[in-house]
Amino acid sequence: MSGTSADGIDGAVARVHGSGVQTRVEMIASVTVPYPSPDRRELFALFSPPTGTVERICAFNFRLGGLLAQAAAEAIAAAKLRPDQVHLIGSHGQTIYHIPPQSAGAGSTLQIGEAAVIAERLGIPVVSDFRVRDMAAGGQGAPLVTYADYLLFRDARRGRAVQNLGGIGNVSYLPPGGGIDALLAFDTGPGNMVINGVVELISGGAMEFDREGGLAAAGRPDEALVETLLADPYFASPPPKTTGREKFGQGYAAGLLASARQRGLSDADVVATATLLTVESIARAYRAFLLPRGPLDDVIIGGGGSHNPVLRQWLARSLRPAQVRTTDEWGIASLAKEAVAFAILANEAVTGNPGNVPSATGAAHPVVLGKLVPA
């Protein structure tokens, strides 16, 4: 799994028992493999239409397939297994561009990281390209982890929000005792993406993220600027909805930084402001869209942002009285949760079970997700 932060590849090895709502998952090992700097630069060039040429996307599709195969091999080794002991790989790849459905027509999405390269190098069947079938059925193509969130974290008595803090934040709301049809999921807005973007800009590329939340802790957020940013129509629009780097990427971070400089903010203040934007976008989304549907007892966080203590503390303060917890309490490493989710979706694909949640994505009906490349 390579998410919207595009800082590396998260891999997980899990035993998946059964299928459908009876699925049980046992996590064995996980790895995070950072991108080599030249590959990360090339990846970011592909995100921008002026530099993301057809030739470059074509070439990097195979290059990324090799990197994904290498990360999968490292995860298998960490689990003390051989490739011939692994039955199936689920590979999300890397989203290059995502166009949500609009009233004028259908949406579209493109993930790269050639699955045939993974299958060839490891001799393991690969399920990939999960998003397109949901979009073909009229859905947003995201969030797709909702089905796995339901299997892993549902509870008969406690209402839970499973909040991913990757580049983009997305939430799955699991009402107490509710079935799959009762789920709600959507992208809350920026997770780490804007924070990382302003950190890279103010450091001249020397830093890629706010380590341990140190800059945010040293700064003071500009609450008035956050209010201005939250006036963007995306935040108030009702689910189903998705967003991505196209909206909250480098251009957005540069605009935030320019506004902050005009207001006299220090570097630390800028990072604190970006951090508060993430926190407030999540808290307000919960108040507007989750709480009208039922109680919220637990907020279970995962993704890179769950390792930022300032982001965690500010979220806990804003979401009281709900308890903010991490996926680690359920035996799922916080950086590996989405990789585990795509392992579950791959298992559902080969057993012929739908993996999308229409109430979350807006698809017309449940569909089997993914394309299978045999070993």
# chains A, B, ... in the order shown; residues from 1 in each chain; ligands from 1
>>> residues_around(residues="A:Asp232", least_positions_apart="5", cutoff="12 Å", atoms="only C-alpha atoms", output="compact mmCIF listing (two decimals) with N, CA and C atoms, in the first residue's frame")
# COMPACT_ATOMS: atom_id res chain seq x y z
N GLY A 189 -10.93 15.23 4.76
CA GLY A 189 -10.11 16.34 4.27
C GLY A 189 -8.64 15.98 4.43
N LEU A 225 -7.30 32.05 10.52
CA LEU A 225 -6.92 31.50 9.22
C LEU A 225 -7.53 30.11 9.04
N VAL A 226 -7.56 29.32 10.10
CA VAL A 226 -8.19 28.00 10.02
C VAL A 226 -9.67 28.13 9.67
N GLU A 227 -10.35 29.10 10.27
CA GLU A 227 -11.77 29.32 9.95
C GLU A 227 -11.94 29.66 8.47
N SER A 237 -19.87 19.86 2.48
CA SER A 237 -20.66 19.02 1.58
C SER A 237 -20.91 17.66 2.21
N LYS A 247 -6.68 18.38 -4.72
CA LYS A 247 -7.22 19.54 -4.01
C LYS A 247 -6.30 20.02 -2.90
N PHE A 248 -5.74 19.08 -2.13
CA PHE A 248 -4.99 19.46 -0.92
C PHE A 248 -3.49 19.19 -1.05
N TYR A 252 -2.04 23.71 -2.62
CA TYR A 252 -2.81 24.12 -1.44
C TYR A 252 -1.86 24.51 -0.31
N LEU A 277 -5.92 22.65 11.28
CA LEU A 277 -6.84 22.46 10.16
C LEU A 277 -7.27 21.00 10.07
N SER A 281 -11.11 19.92 10.87
CA SER A 281 -11.89 19.33 9.77
C SER A 281 -12.47 17.99 10.19
>>> closest_atom_pairs(of="stretch 190-293 of chain A", to="stretch 356-360 of chain A", cutoff="12 Å", atoms="only C-alpha atoms", output="Markdown table")
| residue | atom | partner | partner_atom | distance |
| --- | --- | --- | --- | --- |
| A:Pro238 | CA | A:Ala360 | CA | 11.3 |
| A:Pro239 | CA | A:Ala360 | CA | 7.6 |
| A:Pro240 | CA | A:Ala360 | CA | 5.9 |
| A:Lys241 | CA | A:Ala360 | CA | 8.5 |
| A:Thr242 | CA | A:Ala360 | CA | 10.1 |
>>> residues_around(residues="A:Leu369", least_positions_apart="6", cutoff="6 Å", atoms="only C-alpha atoms", output="number ranges by chain")
A: 130, 133, 349, 355
>>> residues_around(residues="stretch 199-215 of chain A", least_positions_apart="2", cutoff="6 Å", atoms="only C-alpha atoms", output="number ranges by chain")
A: 196-197, 217-218, 268, 308, 310
>>> closest_residue(among="A:Glu280, A:Asp149, A:Asp134, A:Asp10", to="A:Pro221", atoms="only C-alpha atoms")
A:Glu280
>>> atom_distance(atom1="atom CA of A:Ala236", atom2="atom CA of A:Pro292")
14.7 Å
>>> closest_residue(among="A:Leu335, A:Ala316, A:Ala115, A:Ala148", to="A:Val373", atoms="only C-alpha atoms")
A:Ala115
>>> residues_around(residues="stretch 299-307 of chain A", least_positions_apart="5", cutoff="9 Å", atoms="only C-alpha atoms", output="PDB file with N, CA and C atoms, in the first residue's frame")
ATOM      1  N   SER A   5       0.216  10.219   1.081  1.00  0.00           N
ATOM      2  CA  SER A   5       1.432  10.899   1.528  1.00  0.00           C
ATOM      3  C   SER A   5       2.598  10.589   0.607  1.00  0.00           C
ATOM      4  N   PHE A 153     -13.310  -3.908  13.530  1.00  0.00           N
ATOM      5  CA  PHE A 153     -13.523  -3.040  14.691  1.00  0.00           C
ATOM      6  C   PHE A 153     -14.980  -2.899  15.143  1.00  0.00           C
ATOM      7  N   GLY A 159     -20.322   2.755  19.712  1.00  0.00           N
ATOM      8  CA  GLY A 159     -20.209   3.423  18.436  1.00  0.00           C
ATOM      9  C   GLY A 159     -18.765   3.819  18.197  1.00  0.00           C
ATOM     10  N   ARG A 160     -18.254   3.514  17.002  1.00  0.00           N
ATOM     11  CA  ARG A 160     -16.837   3.736  16.740  1.00  0.00           C
ATOM     12  C   ARG A 160     -16.616   4.452  15.413  1.00  0.00           C
ATOM     13  N   ALA A 161     -15.641   5.359  15.440  1.00  0.00           N
ATOM     14  CA  ALA A 161     -15.144   5.975  14.216  1.00  0.00           C
ATOM     15  C   ALA A 161     -13.722   5.480  14.009  1.00  0.00           C
ATOM     16  N   VAL A 162     -13.458   4.914  12.850  1.00  0.00           N
ATOM     17  CA  VAL A 162     -12.106   4.473  12.507  1.00  0.00           C
ATOM     18  C   VAL A 162     -11.530   5.531  11.577  1.00  0.00           C
ATOM     19  N   GLN A 163     -10.567   6.284  12.091  1.00  0.00           N
ATOM     20  CA  GLN A 163     -10.043   7.457  11.390  1.00  0.00           C
ATOM     21  C   GLN A 163      -8.630   7.180  10.888  1.00  0.00           C
ATOM     22  N   ASN A 164      -8.485   7.170   9.574  1.00  0.00           N
ATOM     23  CA  ASN A 164      -7.150   7.073   8.995  1.00  0.00           C
ATOM     24  C   ASN A 164      -6.538   8.461   8.908  1.00  0.00           C
ATOM     25  N   LEU A 165      -5.277   8.561   9.335  1.00  0.00           N
ATOM     26  CA  LEU A 165      -4.546   9.824   9.270  1.00  0.00           C
ATOM     27  C   LEU A 165      -3.371   9.663   8.324  1.00  0.00           C
ATOM     28  N   GLY A 166      -3.688   9.358   7.077  1.00  0.00           N
ATOM     29  CA  GLY A 166      -2.681   9.327   6.036  1.00  0.00           C
ATOM     30  C   GLY A 166      -2.568  10.705   5.416  1.00  0.00           C
ATOM     31  N   GLY A 167      -2.162  10.758   4.153  1.00  0.00           N
ATOM     32  CA  GLY A 167      -2.106  12.061   3.494  1.00  0.00           C
ATOM     33  C   GLY A 167      -3.463  12.734   3.514  1.00  0.00           C
ATOM     34  N   GLY A 191      -5.178  14.915   5.938  1.00  0.00           N
ATOM     35  CA  GLY A 191      -4.642  14.239   7.118  1.00  0.00           C
ATOM     36  C   GLY A 191      -3.263  14.811   7.389  1.00  0.00           C
ATOM     37  N   ASN A 192      -2.242  14.153   6.830  1.00  0.00           N
ATOM     38  CA  ASN A 192      -0.870  14.663   6.943  1.00  0.00           C
ATOM     39  C   ASN A 192      -0.461  15.541   5.769  1.00  0.00           C
ATOM     40  N   ARG A 211       8.392  15.896  12.615  1.00  0.00           N
ATOM     41  CA  ARG A 211       8.787  14.779  13.473  1.00  0.00           C
ATOM     42  C   ARG A 211       8.336  15.014  14.910  1.00  0.00           C
ATOM     43  N   GLU A 212       7.583  14.035  15.439  1.00  0.00           N
ATOM     44  CA  GLU A 212       7.058  14.081  16.807  1.00  0.00           C
ATOM     45  C   GLU A 212       6.195  15.319  17.072  1.00  0.00           C
ATOM     46  N   GLY A 213       5.738  15.983  16.002  1.00  0.00           N
ATOM     47  CA  GLY A 213       4.921  17.181  16.181  1.00  0.00           C
ATOM     48  C   GLY A 213       5.673  18.338  16.794  1.00  0.00           C
ATOM     49  N   ARG A 312      -2.403  13.804  17.856  1.00  0.00           N
ATOM     50  CA  ARG A 312      -3.211  12.920  18.709  1.00  0.00           C
ATOM     51  C   ARG A 312      -3.821  13.683  19.879  1.00  0.00           C
ATOM     52  N   ALA A 316      -7.755  14.337  20.598  1.00  0.00           N
ATOM     53  CA  ALA A 316      -8.392  13.848  21.826  1.00  0.00           C
ATOM     54  C   ALA A 316      -9.136  14.971  22.536  1.00  0.00           C
ATOM     55  N   LEU A 319     -12.352  15.864  20.485  1.00  0.00           N
ATOM     56  CA  LEU A 319     -13.354  14.809  20.313  1.00  0.00           C
ATOM     57  C   LEU A 319     -13.900  14.283  21.624  1.00  0.00           C
ATOM     58  N   ALA A 322     -15.402  11.133  23.576  1.00  0.00           N
ATOM     59  CA  ALA A 322     -14.974   9.893  22.931  1.00  0.00           C
ATOM     60  C   ALA A 322     -13.518   9.600  23.277  1.00  0.00           C
ATOM     61  N   GLN A 323     -13.182   8.333  23.381  1.00  0.00           N
ATOM     62  CA  GLN A 323     -11.811   7.918  23.670  1.00  0.00           C
ATOM     63  C   GLN A 323     -11.043   7.753  22.362  1.00  0.00           C
ATOM     64  N   VAL A 324      -9.893   8.420  22.254  1.00  0.00           N
ATOM     65  CA  VAL A 324      -9.040   8.275  21.077  1.00  0.00           C
ATOM     66  C   VAL A 324      -8.043   7.152  21.340  1.00  0.00           C
ATOM     67  N   ARG A 325      -8.095   6.122  20.506  1.00  0.00           N
ATOM     68  CA  ARG A 325      -7.263   4.930  20.660  1.00  0.00           C
ATOM     69  C   ARG A 325      -6.573   4.639  19.327  1.00  0.00           C
ATOM     70  N   THR A 326      -5.605   3.732  19.320  1.00  0.00           N
ATOM     71  CA  THR A 326      -4.936   3.371  18.075  1.00  0.00           C
ATOM     72  C   THR A 326      -5.280   1.937  17.694  1.00  0.00           C
ATOM     73  N   THR A 327      -5.093   1.632  16.419  1.00  0.00           N
ATOM     74  CA  THR A 327      -5.376   0.281  15.934  1.00  0.00           C
ATOM     75  C   THR A 327      -4.479  -0.756  16.598  1.00  0.00           C
ATOM     76  N   ASP A 328      -3.354  -0.321  17.143  1.00  0.00           N
ATOM     77  CA  ASP A 328      -2.439  -1.261  17.803  1.00  0.00           C
ATOM     78  C   ASP A 328      -3.132  -2.022  18.933  1.00  0.00           C
ATOM     79  N   ALA A 333      -0.888  -3.009  13.591  1.00  0.00           N
ATOM     80  CA  ALA A 333       0.038  -1.875  13.636  1.00  0.00           C
ATOM     81  C   ALA A 333      -0.565  -0.696  12.884  1.00  0.00           C
ATOM     82  N   SER A 334      -0.470   0.492  13.481  1.00  0.00           N
ATOM     83  CA  SER A 334      -1.178   1.649  12.930  1.00  0.00           C
ATOM     84  C   SER A 334      -0.724   2.002  11.518  1.00  0.00           C
ATOM     85  N   LEU A 335       0.547   1.776  11.203  1.00  0.00           N
ATOM     86  CA  LEU A 335       1.024   2.074   9.857  1.00  0.00           C
ATOM     87  C   LEU A 335       0.618   0.998   8.853  1.00  0.00           C
ATOM     88  N   ALA A 336       0.191  -0.156   9.350  1.00  0.00           N
ATOM     89  CA  ALA A 336      -0.109  -1.285   8.463  1.00  0.00           C
ATOM     90  C   ALA A 336      -1.600  -1.518   8.267  1.00  0.00           C
ATOM     91  N   LYS A 337      -2.450  -0.725   8.925  1.00  0.00           N
ATOM     92  CA  LYS A 337      -3.881  -1.027   8.893  1.00  0.00           C
ATOM     93  C   LYS A 337      -4.449  -1.029   7.480  1.00  0.00           C
ATOM     94  N   GLU A 338      -4.057  -0.075   6.662  1.00  0.00           N
ATOM     95  CA  GLU A 338      -4.613  -0.025   5.312  1.00  0.00           C
ATOM     96  C   GLU A 338      -4.062  -1.158   4.451  1.00  0.00           C
TER      97      GLU A 338
END
